[in-house]
$ cat structure03.cif   # mmCIF, C-alpha atoms
data_upload
loop_
_atom_site.label_atom_id
_atom_site.label_comp_id
_atom_site.auth_asym_id
_atom_site.auth_seq_id
_atom_site.Cartn_x
_atom_site.Cartn_y
_atom_site.Cartn_z
CA MET L 1 -0.04 -69.96 32.40
CA ARG L 2 -2.79 -69.89 29.85
CA LEU L 3 -4.51 -66.57 29.36
CA VAL L 4 -8.23 -66.75 29.02
CA ARG L 5 -9.38 -64.20 26.39
CA ASP L 6 -12.91 -63.00 26.06
CA LYS L 7 -13.84 -63.38 22.40
CA ARG L 8 -16.99 -61.32 22.76
CA GLY L 9 -17.20 -57.57 22.13
CA GLN L 10 -15.22 -57.23 18.87
CA PHE L 11 -18.19 -55.71 17.07
CA ILE L 12 -18.54 -53.08 19.75
CA ILE L 13 -14.94 -52.10 18.99
CA ILE L 14 -15.67 -52.00 15.25
CA ALA L 15 -18.76 -49.90 15.90
CA ALA L 16 -16.73 -47.57 18.10
CA LEU L 17 -14.11 -47.21 15.36
CA LEU L 18 -16.78 -46.45 12.77
CA VAL L 19 -18.28 -43.83 15.06
CA ALA L 20 -14.79 -42.38 15.54
CA ILE L 21 -14.31 -42.17 11.76
CA MET L 22 -17.68 -40.51 11.40
CA ILE L 23 -16.80 -37.99 14.12
CA VAL L 24 -13.45 -37.23 12.49
CA SER L 25 -15.17 -36.84 9.10
CA ALA L 26 -17.76 -34.51 10.56
CA SER L 27 -14.96 -32.57 12.30
CA ALA L 28 -13.17 -32.20 8.97
CA VAL L 29 -16.25 -30.71 7.36
CA VAL L 30 -16.88 -28.37 10.29
CA PHE L 31 -13.20 -27.41 10.48
CA ASN L 32 -13.20 -26.68 6.76
CA ALA L 33 -16.26 -24.50 7.13
CA VAL L 34 -15.03 -22.47 10.11
CA THR L 35 -11.51 -21.99 8.74
CA TYR L 36 -12.69 -21.08 5.26
CA TYR L 37 -11.37 -17.58 5.70
CA ARG L 38 -7.81 -18.90 6.14
CA HIS L 39 -7.78 -20.70 2.83
CA GLU L 40 -9.56 -18.11 0.76
CA MET L 41 -7.21 -16.14 -1.52
CA TRP L 42 -7.28 -13.08 0.73
CA GLU L 43 -4.06 -11.79 -0.81
CA GLU L 44 -5.99 -10.87 -3.91
CA TYR L 45 -8.59 -8.94 -1.91
CA LEU L 46 -5.94 -7.28 0.22
CA THR L 47 -4.23 -5.97 -2.90
CA VAL L 48 -7.60 -4.59 -4.05
CA ILE L 49 -8.11 -2.85 -0.69
CA ASP L 50 -4.55 -1.49 -0.66
CA GLY L 51 -4.90 -0.43 -4.30
CA VAL L 52 -8.13 1.46 -3.62
CA LYS L 53 -6.60 3.11 -0.54
CA ALA L 54 -3.50 4.17 -2.47
CA GLY L 55 -5.63 5.42 -5.36
CA THR L 56 -7.89 7.42 -3.03
CA SER L 57 -4.86 9.03 -1.46
CA ASN L 58 -3.55 9.85 -4.95
CA VAL L 59 -6.89 11.42 -5.88
CA LEU L 60 -6.70 13.62 -2.77
CA GLU L 61 -3.13 14.61 -3.61
CA LEU L 62 -3.81 15.58 -7.19
CA SER L 63 -7.06 17.30 -6.23
CA LEU L 64 -5.30 19.35 -3.55
CA ALA L 65 -2.54 20.13 -6.03
CA ASN L 66 -5.13 21.30 -8.55
CA TYR L 67 -6.96 23.31 -5.87
CA THR L 68 -3.79 25.11 -4.79
CA GLN L 69 -2.96 25.85 -8.44
CA THR L 70 -6.43 26.95 -9.61
CA LEU L 71 -8.38 27.57 -6.35
CA ASN L 72 -11.24 25.48 -7.73
CA GLY L 73 -12.92 24.45 -4.44
CA ASN L 74 -15.15 21.86 -6.12
CA ILE L 75 -12.32 19.80 -7.61
CA LEU L 76 -12.01 17.19 -4.84
CA LYS L 77 -15.71 16.33 -4.89
CA MET L 78 -15.66 16.12 -8.69
CA ASN L 79 -12.58 13.87 -8.79
CA LEU L 80 -13.84 11.58 -6.01
CA ASP L 81 -17.14 11.16 -7.88
CA TYR L 82 -15.16 10.04 -10.94
CA TRP L 83 -12.94 7.83 -8.77
CA ARG L 84 -15.97 6.16 -7.12
CA ASP L 85 -17.35 5.21 -10.55
CA ASP L 86 -13.97 4.12 -11.90
CA VAL L 87 -13.24 1.85 -8.92
CA LYS L 88 -16.48 0.03 -9.67
CA LYS L 89 -15.40 -0.47 -13.30
CA ALA L 90 -11.72 -1.28 -12.70
CA TYR L 91 -12.44 -3.87 -9.98
CA SER L 92 -15.72 -5.09 -11.42
CA GLY L 93 -14.78 -8.75 -10.87
CA PHE L 94 -14.51 -8.15 -7.14
CA GLY L 95 -17.67 -6.11 -6.74
CA ALA L 96 -15.77 -3.18 -5.24
CA ILE L 97 -18.06 -0.32 -4.26
CA LEU L 98 -16.58 2.89 -2.86
CA SER L 99 -18.41 5.70 -1.14
CA TYR L 100 -16.96 8.74 0.55
CA SER L 101 -17.65 11.76 2.72
CA LEU L 102 -15.68 14.99 2.64
CA ALA L 103 -14.41 16.78 5.73
CA SER L 104 -16.45 19.82 6.58
CA GLY L 105 -16.12 22.55 9.19
CA SER L 106 -13.45 22.86 11.84
CA ARG L 107 -11.27 19.81 12.49
CA SER L 108 -8.09 19.27 14.41
CA VAL L 109 -5.34 17.80 12.25
CA TYR L 110 -1.80 17.28 13.55
CA GLY L 111 -2.45 19.72 16.36
CA MET L 112 -3.84 22.45 14.11
CA ASN L 113 -7.42 23.56 13.68
CA LEU L 114 -8.28 23.47 9.99
CA ASN L 115 -11.51 24.79 8.53
CA TYR L 116 -12.57 22.44 5.72
CA ASN L 117 -14.97 23.14 2.90
CA LEU L 118 -15.75 20.25 0.53
CA GLY L 119 -12.78 18.38 1.96
CA LEU L 120 -10.28 21.14 1.23
CA ALA L 121 -8.64 23.69 3.52
CA ARG L 122 -5.96 26.28 3.19
CA THR L 123 -4.53 29.12 5.23
CA TRP L 124 -1.93 31.08 3.33
CA ASN L 125 0.12 34.23 3.85
CA GLN L 126 0.64 33.51 7.54
CA ARG L 127 3.78 32.67 9.46
CA ILE L 128 2.39 29.13 9.77
CA SER L 129 0.54 28.35 6.54
CA PHE L 130 -0.88 25.12 5.17
CA SER L 131 -2.85 23.38 2.44
CA ALA L 132 -4.85 20.26 3.34
CA ALA L 133 -7.40 17.78 2.04
CA ASN L 134 -9.37 15.21 4.01
CA ALA L 135 -11.93 12.55 3.07
CA THR L 136 -13.33 9.43 4.70
CA ALA L 137 -13.94 6.53 2.33
CA ASN L 138 -16.00 3.39 2.79
CA LEU L 139 -15.21 0.29 0.75
CA ASN L 140 -17.40 -2.78 0.19
CA ILE L 141 -16.22 -5.87 -1.69
CA THR L 142 -19.44 -7.69 -2.39
CA SER L 143 -17.85 -10.83 -3.87
CA VAL L 144 -16.58 -11.85 -0.41
CA GLY L 145 -19.18 -10.08 1.71
CA LEU L 146 -16.76 -7.44 2.98
CA THR L 147 -18.70 -4.35 3.98
CA GLY L 148 -17.91 -1.16 5.81
CA TYR L 149 -14.13 -1.07 5.43
CA LYS L 150 -13.56 2.56 6.39
CA PHE L 151 -10.38 4.56 5.97
CA VAL L 152 -9.43 8.22 6.25
CA SER L 153 -7.16 9.90 3.72
CA THR L 154 -5.40 13.09 4.67
CA VAL L 155 -3.03 15.13 2.55
CA PHE L 156 -1.19 17.97 4.18
CA LEU L 157 1.52 20.52 3.46
CA LYS L 158 2.59 23.05 6.06
CA MET L 159 5.12 25.88 6.02
CA ASN L 160 6.56 27.50 9.11
CA VAL L 161 8.66 30.64 8.61
CA THR L 162 10.73 30.27 11.77
CA ASP L 163 13.13 33.21 11.84
CA VAL L 164 15.41 35.56 9.91
CA ILE L 165 19.17 35.66 10.55
CA TRP L 166 21.55 38.52 9.81
CA TYR L 167 25.04 37.40 8.85
CA ASP L 168 27.25 40.51 9.26
CA GLY L 169 30.40 39.10 7.63
CA GLN L 170 32.57 40.43 10.45
CA GLY L 171 35.64 38.44 11.47
CA GLN L 172 35.01 34.73 11.01
CA ASN L 173 31.32 35.25 10.40
CA PRO L 174 29.93 34.61 6.93
CA GLY L 175 28.10 37.39 5.11
CA PRO L 176 26.96 39.97 4.65
CA PHE L 177 23.59 38.45 3.81
CA VAL L 178 20.18 37.71 5.28
CA GLY L 179 18.83 34.18 5.73
CA VAL L 180 15.09 33.51 5.96
CA ARG L 181 14.56 30.08 7.52
CA VAL L 182 11.63 27.81 6.75
CA VAL L 183 10.57 24.37 8.02
CA MET L 184 8.24 22.29 5.82
CA TYR L 185 5.95 19.49 6.96
CA ALA L 186 3.86 16.86 5.19
CA GLU L 187 1.34 14.40 6.70
CA GLY L 188 2.23 12.83 9.97
CA PRO L 189 3.46 15.48 10.47
CA THR L 190 6.78 14.53 8.95
CA VAL L 191 9.46 17.06 8.12
CA LEU L 192 10.02 17.42 4.37
CA THR L 193 13.69 17.13 3.50
CA ASN L 194 13.67 16.60 -0.27
CA LEU L 195 12.86 20.10 -1.54
CA GLN L 196 15.22 21.79 -3.98
CA GLN L 197 15.62 25.43 -5.01
CA SER L 198 13.21 24.83 -7.91
CA ASN L 199 10.47 23.95 -5.39
CA PHE L 200 10.64 27.48 -3.95
CA VAL L 201 8.66 29.13 -6.72
CA LEU L 202 8.29 32.53 -5.06
CA PHE L 203 10.51 34.52 -2.74
CA GLN L 204 9.64 38.16 -2.19
CA ILE L 205 10.96 40.65 0.31
CA GLY L 206 9.10 43.74 1.51
CA SER L 207 5.51 44.84 1.43
CA PRO L 208 4.40 44.96 -1.32
CA GLY L 209 6.83 42.18 -2.12
CA VAL L 210 9.56 42.33 -4.70
CA ASP L 211 11.07 39.20 -6.21
CA GLN L 212 14.40 38.53 -4.57
CA PRO L 213 17.15 36.33 -6.03
CA PHE L 214 18.27 33.85 -3.39
CA THR L 215 20.43 30.84 -2.69
CA LEU L 216 18.90 27.84 -0.94
CA VAL L 217 20.85 26.23 1.88
CA ARG L 218 19.51 23.08 3.55
CA TYR L 219 20.72 21.71 6.87
CA TYR L 220 19.74 20.22 10.19
CA GLU L 221 19.61 23.09 12.71
CA SER L 222 20.94 22.07 16.10
CA THR L 223 22.92 25.05 17.36
CA GLY L 224 20.61 28.06 17.78
CA HIS L 225 21.47 31.68 17.00
CA GLY L 226 21.43 35.03 18.82
CA GLY L 227 20.58 33.38 22.11
CA ASN L 228 17.58 31.60 20.57
CA PRO L 229 17.29 27.88 21.29
CA ALA L 230 18.13 25.34 18.59
CA LEU L 231 15.25 24.38 16.28
CA ASN L 232 16.45 20.78 16.19
CA THR L 233 14.87 20.13 12.84
CA PHE L 234 15.65 20.20 9.12
CA VAL L 235 15.49 23.78 7.81
CA TYR L 236 15.61 25.50 4.44
CA GLU L 237 17.39 28.82 4.51
CA LEU L 238 16.80 31.30 1.68
CA ARG L 239 19.78 33.65 1.62
CA TYR L 240 19.97 37.00 -0.16
CA THR L 241 22.67 39.64 -0.17
CA ALA L 242 22.24 42.74 2.01
CA GLN L 243 24.74 45.48 2.93
CA SER L 244 23.31 46.19 6.36
CA ASP L 245 21.09 44.58 8.95
CA PRO L 246 17.50 45.25 7.79
CA ARG L 247 16.24 44.79 11.41
CA THR L 248 12.80 43.70 10.19
CA VAL L 249 12.15 41.55 7.15
CA THR L 250 8.79 40.86 5.51
CA ALA L 251 9.15 37.68 3.45
CA THR L 252 6.64 35.95 1.19
CA ILE L 253 7.53 32.40 0.18
CA SER L 254 5.70 29.92 -2.04
CA VAL L 255 6.63 26.24 -2.19
CA VAL L 256 5.35 23.56 -4.56
CA ASP L 257 6.30 20.08 -3.38
CA ALA L 258 6.91 16.95 -5.47
CA ARG L 259 3.16 16.21 -5.48
CA GLY L 260 2.39 19.60 -7.02
CA ILE L 261 0.80 20.92 -3.80
CA LYS L 262 1.44 24.59 -3.17
CA VAL L 263 1.57 26.63 0.02
CA THR L 264 2.39 30.31 0.47
CA GLY L 265 3.63 31.71 3.75
CA GLN L 266 4.32 35.26 4.84
CA ALA L 267 5.95 36.69 7.92
CA ALA L 268 7.35 39.96 9.20
CA LEU L 269 10.17 39.08 11.57
CA ASN L 270 12.95 40.87 13.39
CA THR L 271 16.40 39.67 12.46
CA ILE L 272 18.57 37.79 14.90
CA ASN L 273 22.35 37.90 14.71
CA TYR L 274 24.33 34.90 13.56
CA MET A 1 -7.49 -83.98 18.99
CA LEU A 2 -8.12 -82.20 15.70
CA LEU A 3 -11.74 -81.77 16.59
CA MET A 4 -10.75 -80.30 19.88
CA ARG A 5 -8.35 -77.84 18.22
CA PHE A 6 -11.06 -76.81 15.73
CA VAL A 7 -13.49 -76.25 18.51
CA TYR A 8 -10.95 -74.12 20.34
CA GLY A 9 -10.49 -71.90 17.25
CA GLU A 10 -7.68 -73.52 15.36
CA SER A 11 -7.74 -75.23 11.97
CA VAL A 12 -5.22 -77.46 10.33
CA CYS A 13 -4.46 -77.21 6.64
CA MET A 14 -1.62 -79.03 4.99
CA GLY A 15 0.01 -79.47 8.29
CA LEU A 16 -0.12 -75.74 9.22
CA VAL A 17 -2.03 -74.71 12.24
CA PHE A 18 -4.10 -71.51 11.88
CA ASP A 19 -5.50 -69.69 14.84
CA ARG A 20 -8.97 -68.45 13.94
CA ARG A 21 -9.19 -66.26 16.98
CA GLY A 22 -8.29 -62.53 16.84
CA GLN A 23 -9.80 -61.56 13.49
CA ALA A 24 -11.43 -58.63 15.20
CA ARG A 25 -7.97 -57.50 16.30
CA VAL A 26 -6.87 -57.51 12.64
CA ILE A 27 -9.93 -55.50 11.64
CA GLU A 28 -9.24 -53.16 14.55
CA ALA A 29 -5.66 -52.69 13.35
CA ILE A 30 -6.84 -51.96 9.78
CA MET A 31 -9.33 -49.44 11.13
CA ALA A 32 -6.61 -47.82 13.22
CA VAL A 33 -4.40 -47.56 10.14
CA LEU A 34 -7.30 -46.02 8.23
CA VAL A 35 -7.84 -43.45 10.99
CA ILE A 36 -4.14 -42.53 10.95
CA VAL A 37 -4.01 -42.32 7.15
CA PHE A 38 -7.17 -40.24 7.16
CA ALA A 39 -5.74 -37.89 9.79
CA VAL A 40 -2.51 -37.42 7.82
CA ALA A 41 -4.45 -36.78 4.61
CA PHE A 42 -6.66 -34.32 6.51
CA ILE A 43 -3.66 -32.33 7.76
CA ASP A 44 -2.04 -32.38 4.33
CA LEU A 45 -5.24 -31.04 2.80
CA PHE A 46 -4.84 -27.77 4.72
CA ALA A 47 -1.09 -27.43 4.58
CA VAL A 48 0.09 -24.51 2.47
CA THR A 49 3.70 -25.27 1.72
CA PRO A 50 6.15 -23.01 -0.15
CA VAL A 51 5.72 -25.07 -3.31
CA SER A 52 1.95 -24.96 -3.18
CA PRO A 53 0.28 -23.08 -6.07
CA LYS A 54 -1.71 -21.02 -3.57
CA TYR A 55 1.49 -19.82 -1.92
CA GLU A 56 3.23 -19.15 -5.23
CA SER A 57 0.37 -17.18 -6.73
CA GLY A 58 -0.16 -15.13 -3.56
CA GLU A 59 3.54 -14.44 -3.26
CA LEU A 60 3.82 -13.20 -6.85
CA GLU A 61 0.76 -10.99 -6.38
CA LYS A 62 2.35 -9.46 -3.30
CA ILE A 63 5.61 -8.85 -5.15
CA GLY A 64 3.82 -7.33 -8.14
CA PHE A 65 1.63 -5.06 -6.05
CA ASN A 66 4.56 -3.85 -3.93
CA VAL A 67 6.62 -3.03 -7.01
CA LEU A 68 3.78 -1.02 -8.58
CA ARG A 69 3.07 0.71 -5.25
CA ASP A 70 6.74 1.63 -4.81
CA LEU A 71 6.95 3.06 -8.33
CA ASP A 72 3.76 5.02 -7.64
CA GLU A 73 5.11 6.40 -4.36
CA GLU A 74 8.25 7.50 -6.18
CA ARG A 75 5.90 9.37 -8.59
CA LEU A 76 7.33 7.43 -11.53
CA LEU A 77 4.34 5.29 -12.43
CA ALA A 78 1.97 8.16 -13.27
CA ARG A 79 4.71 9.86 -15.27
CA PHE A 80 5.47 6.71 -17.28
CA VAL A 81 1.87 5.79 -18.13
CA ASN A 82 0.96 9.35 -19.06
CA ASN A 83 4.00 9.88 -21.26
CA SER A 84 2.59 9.99 -24.76
CA ASP A 85 5.86 9.12 -26.54
CA GLY A 86 7.40 5.65 -26.56
CA ARG A 87 9.99 6.46 -23.93
CA GLY A 88 7.41 6.14 -21.14
CA TRP A 89 6.74 2.49 -21.99
CA MET A 90 10.45 1.75 -22.37
CA ASN A 91 11.19 3.37 -19.01
CA LEU A 92 8.34 1.47 -17.40
CA THR A 93 9.66 -1.83 -18.81
CA SER A 94 13.14 -1.07 -17.49
CA ALA A 95 11.81 -0.02 -14.08
CA LEU A 96 9.76 -3.20 -13.69
CA ALA A 97 12.62 -5.40 -14.90
CA ALA A 98 14.93 -3.77 -12.37
CA ALA A 99 12.46 -3.96 -9.49
CA LEU A 100 11.20 -7.52 -9.97
CA PRO A 101 13.31 -10.62 -9.15
CA THR A 102 15.27 -11.90 -12.14
CA ASP A 103 13.41 -15.23 -12.26
CA VAL A 104 10.02 -13.54 -12.56
CA TYR A 105 8.61 -12.88 -16.03
CA PHE A 106 6.05 -10.13 -16.43
CA ASN A 107 3.60 -8.70 -18.88
CA LEU A 108 1.92 -5.35 -18.25
CA THR A 109 -1.06 -3.94 -20.10
CA VAL A 110 -2.30 -0.40 -19.55
CA TYR A 111 -5.99 0.27 -20.14
CA GLU A 112 -8.32 3.21 -20.06
CA VAL A 113 -11.26 2.69 -17.70
CA SER A 114 -13.38 1.99 -20.77
CA GLY A 115 -11.19 -1.05 -21.50
CA LYS A 116 -9.24 0.38 -24.42
CA VAL A 117 -5.58 -0.63 -24.44
CA VAL A 118 -3.31 2.40 -24.10
CA ASN A 119 0.21 1.03 -24.49
CA ASN A 120 1.10 0.86 -28.16
CA GLN A 121 4.13 -1.32 -27.54
CA PRO A 122 4.56 -4.40 -25.34
CA ILE A 123 5.67 -3.93 -21.77
CA GLY A 124 7.13 -7.19 -20.57
CA TYR A 125 9.95 -9.59 -20.04
CA GLY A 126 9.80 -13.23 -21.14
CA ALA A 127 8.31 -14.99 -24.15
CA SER A 128 4.53 -15.13 -24.46
CA ARG A 129 4.59 -18.96 -24.36
CA VAL A 130 5.95 -18.73 -20.79
CA PHE A 131 2.60 -17.26 -19.77
CA SER A 132 0.49 -19.63 -21.87
CA SER A 133 2.35 -22.73 -20.67
CA SER A 134 2.55 -21.83 -16.99
CA ASN A 135 0.01 -23.27 -14.57
CA TYR A 136 0.20 -20.35 -12.17
CA VAL A 137 -0.08 -16.85 -13.58
CA ALA A 138 -0.49 -14.20 -10.89
CA SER A 139 -2.39 -11.09 -11.88
CA VAL A 140 -2.39 -7.71 -10.15
CA THR A 141 -4.67 -4.79 -10.99
CA TYR A 142 -3.49 -1.31 -10.03
CA VAL A 143 -5.19 1.97 -10.86
CA VAL A 144 -3.30 5.22 -11.33
CA PRO A 145 -5.92 7.98 -10.95
CA GLY A 146 -4.01 10.85 -12.55
CA TYR A 147 -0.81 12.80 -12.52
CA SER A 148 0.70 16.07 -11.49
CA ALA A 149 3.32 17.76 -13.64
CA TYR A 150 3.26 21.26 -12.16
CA PRO A 151 4.48 23.76 -13.33
CA VAL A 152 4.48 22.16 -16.83
CA SER A 153 0.78 21.31 -16.57
CA GLN A 154 -1.95 21.28 -13.95
CA SER A 155 -2.72 18.20 -11.90
CA VAL A 156 -5.43 16.25 -13.72
CA TYR A 157 -7.65 13.25 -13.08
CA LYS A 158 -6.88 10.81 -15.90
CA PRO A 159 -7.21 7.21 -14.69
CA ARG A 160 -5.22 4.31 -16.12
CA VAL A 161 -5.78 0.66 -15.17
CA LEU A 162 -2.59 -1.39 -15.03
CA VAL A 163 -2.89 -5.18 -15.24
CA LEU A 164 0.40 -6.88 -14.37
CA GLN A 165 0.75 -10.62 -15.03
CA LEU A 166 3.59 -12.49 -13.36
CA VAL A 167 5.08 -15.94 -13.82
CA ARG A 168 8.07 -17.49 -12.12
CA GLY A 169 10.54 -18.91 -14.60
#

$ encode --input "structure03.cif" --output "structure tokens"
Amino acid sequence: MRLVRDKRGQFIIIAALLVAIMIVSASAVVFNAVTYYRHEMWEEYLTVIDGVKAGTSNVLELSLANYTQTLNGNILKMNLDYWRDDVKKAYSGFGAILSYSLASGSRSVYGMNLNYNLGLARTWNQRISFSAANATANLNITSVGLTGYKFVSTVFLKMNVTDVIWYDGQGQNPGPFVGVRVVMYAEGPTVLTNLQQSNFVLFQIGSPGVDQPFTLVRYYESTGHGGNPALNTFVYELRYTAQSDPRTVTATISVVDARGIKVTGQAALNTINY
Amino acid sequence: MLLMRFVYGESVCMGLVFDRRGQARVIEAIMAVLVIVFAVAFIDLFAVTPVSPKYESGELEKIGFNVLRDLDEERLLARFVNNSDGRGWMNLTSALAAALPTDVYFNLTVYEVSGKVVNNQPIGYGASRVFSSSNYVASVTYVVPGYSAYPVSQSVYKPRVLVLQLVRG
């Protein structure tokens, strides 16, 4: 059995192989071009974006803190102008350019209607009181052609004076004292649980208010009192001594949180029995 | 007979018989090997393995940024860099040393936005030659816009630029 082989056509094979190599080479170049974004050092740019976002949020926090301490309504605009210029200088190698717009007019935030002026809003001396700041920022990183990266920064502190409890001290009951209960919220809204007695910078009873010494008790409320349903949240209770049930209590409370943001709430509430 | 063998593609040299047919097959095989080698090299070109400098540098940048971000969220960073006495820098050094992995050396410089160096004492861990001799030095820039120390002082805008350099030992 002798096989008869055709010796012709080898150069066609070689040509085909060369064409295949050329195609693979061209594919490599095209692949490299279209997947450029995967191999670029994006981590560096992501840290710039995250850094600018974190810094913008910090500027809002310290501006709101300053506003609630001094009531200077122009402070957020002033600080964001500085921040815009400083971002350009600090990240000059990346070509980072930040612009911003401040919230204005009525806006719904976390289910509440807030009336902003120059990005700042506050409603104090109410049963539900708050301090808030809001700005929308736009970031471009010209070195990589990133444009229009938009993010919203919101800073928020809310106080809800929920109720007042009368502890009569009868039988097994503790007392006699009155407990004014408060729930605090930050952005999210998330319940604030890290406040200490030193954060409650003002506690007044009556109208006009008189400073009242108090003891702060913190706990998760899940039982309810006087037939009222459980709050099922973390509460701060400001307790002060009283010889009899005051029936109605007018309380004014100011809180400054860890960021330096202040809110003042006020409520006139009927007591409920422990 | 020899002539016939030569004609049919064989040659005789020192008694050995060489088949002259099939050279194209050899070339084809070489080409095939080249294609395979090229394909392997092509894949390797884009592979980012854990020992690759790209991976290492990116990883250190991530670690450095996260540590600074965590310290900032805990409200420690602004307090440390705005503490005018030496304790702020010492505390910052300790905080970074505790937060970073033990095999990572660091060197932090705090600047004003104008470029003036603020820290009057070194903030770092590891000899300076570690940074000069290393091929891969990761660098992270983080800006602290200001600080709030109420009720001691009002919240103020006072930016500080932190440049953290990291090297794995």

$ closest_residue --input "structure03.cif" --among "L:Val34, L:Leu238, L:Ile205, L:Ala258" --to "chain A" --atoms "all atoms listed in the file"
L:Ala258

$ resolve_selection --input "structure03.cif" --expression "the PyMOL selection byres ((chain A) within 7 of (chain L))" --output "list in words"
Ala24, Glu28, Met31, Val35, Gly58, Phe65, Val113, Tyr142, Val143, Val144, Pro145, Tyr147, Ser148, Ala149, Tyr150, Gln154, Ser155, Val156, Tyr157 and Val161 of chain A

$ closest_residue --input "structure03.cif" --among "L:Gly206, L:Arg218, L:Phe94, L:Val235" --to "Val161 in chain L" --atoms "only C-alpha atoms"
L:Val235

$ atom_distance --input "structure03.cif" --atom1 "CA of Val249 in chain L" --atom2 "CA of Asn270 in chain L"
6.3 Å

$ residues_around --input "structure03.cif" --residues "Leu162 in chain A" --least-positions-apart "6" --cutoff "7 Å" --atoms "only C-alpha atoms" --output "PyMOL selection string"
chain A and resi 108-111+141-143

$ atom_distance --input "structure03.cif" --atom1 "CA of Ser244 in chain L" --atom2 "CA of Thr223 in chain L"
23.8 Å

$ atom_distance --input "structure03.cif" --atom1 "CA of Ala133 in chain L" --atom2 "CA of Gly148 in chain L"
22.0 Å

$ resolve_selection --input "structure03.cif" --expression "the PyMOL selection byres ((chain A and resi 93) around 10)" --output "number ranges by chain"
A: 80, 87-92, 94-99, 106-108, 122-125

$ resolve_selection --input "structure03.cif" --expression "the PyMOL selection byres ((chain A and resi 104) around 8)" --output "PyMOL selection string"
chain A and resi 100-103+105-106+166-169

$ residues_around --input "structure03.cif" --residues "Val210 in chain L" --least-positions-apart "5" --cutoff "10 Å" --atoms "all atoms listed in the file" --output "number ranges by chain"
L: 202-205, 251-252

$ closest_residue --input "structure03.cif" --among "L:Asn228, L:Ser99, L:Gln197, L:Ser222" --to "Lys150 in chain L" --atoms "only C-alpha atoms"
L:Ser99

$ residues_around --input "structure03.cif" --residues "Ser108 in chain L" --least-positions-apart "5" --cutoff "12 Å" --atoms "all atoms listed in the file" --output "short mmCIF file (atom, residue, chain, number, x, y, z; two decimals) with C-alpha atoms, in the frame of the given file"
data_model
loop_
_atom_site.label_atom_id
_atom_site.label_comp_id
_atom_site.auth_asym_id
_atom_site.auth_seq_id
_atom_site.Cartn_x
_atom_site.Cartn_y
_atom_site.Cartn_z
CA ALA L 103 -14.41 16.78 5.73
CA ASN L 113 -7.42 23.56 13.68
CA LEU L 114 -8.28 23.47 9.99
CA ASN L 115 -11.51 24.79 8.53
CA TYR L 116 -12.57 22.44 5.72
CA ALA L 121 -8.64 23.69 3.52
CA ALA L 132 -4.85 20.26 3.34
CA ASN L 134 -9.37 15.21 4.01
CA THR L 154 -5.40 13.09 4.67
#

$ decode --input "structure03.cif" --residues "range 210-221 of chain L" --atoms "N, CA and C atoms" --output "compact mmCIF listing (two decimals), in the first residue's frame"
# COMPACT_ATOMS: atom_id res chain seq x y z
N VAL L 210 -36.23 77.11 81.84
CA VAL L 210 -35.23 77.22 82.90
C VAL L 210 -34.34 75.98 82.81
N ASP L 211 -33.02 76.23 82.90
CA ASP L 211 -32.09 75.10 82.82
C ASP L 211 -32.42 74.06 83.88
N GLN L 212 -32.45 72.82 83.47
CA GLN L 212 -32.84 71.74 84.37
C GLN L 212 -31.73 70.69 84.43
N PRO L 213 -31.19 70.43 85.62
CA PRO L 213 -30.21 69.33 85.73
C PRO L 213 -30.91 68.01 85.37
N PHE L 214 -30.20 67.15 84.71
CA PHE L 214 -30.83 65.89 84.26
C PHE L 214 -29.81 64.76 84.23
N THR L 215 -30.34 63.57 84.14
CA THR L 215 -29.51 62.38 83.95
C THR L 215 -29.93 61.73 82.64
N LEU L 216 -28.93 61.40 81.82
CA LEU L 216 -29.26 60.79 80.52
C LEU L 216 -29.28 59.28 80.64
N VAL L 217 -30.37 58.69 80.14
CA VAL L 217 -30.48 57.23 80.09
C VAL L 217 -30.70 56.87 78.62
N ARG L 218 -29.96 55.86 78.16
CA ARG L 218 -30.07 55.47 76.74
C ARG L 218 -30.47 54.00 76.68
N TYR L 219 -31.45 53.71 75.83
CA TYR L 219 -31.88 52.31 75.72
C TYR L 219 -32.71 52.11 74.45
N TYR L 220 -32.88 50.85 74.10
CA TYR L 220 -33.75 50.51 72.98
C TYR L 220 -35.15 50.32 73.53
N GLU L 221 -36.11 51.11 73.05
CA GLU L 221 -37.47 51.09 73.60
C GLU L 221 -38.31 50.08 72.83
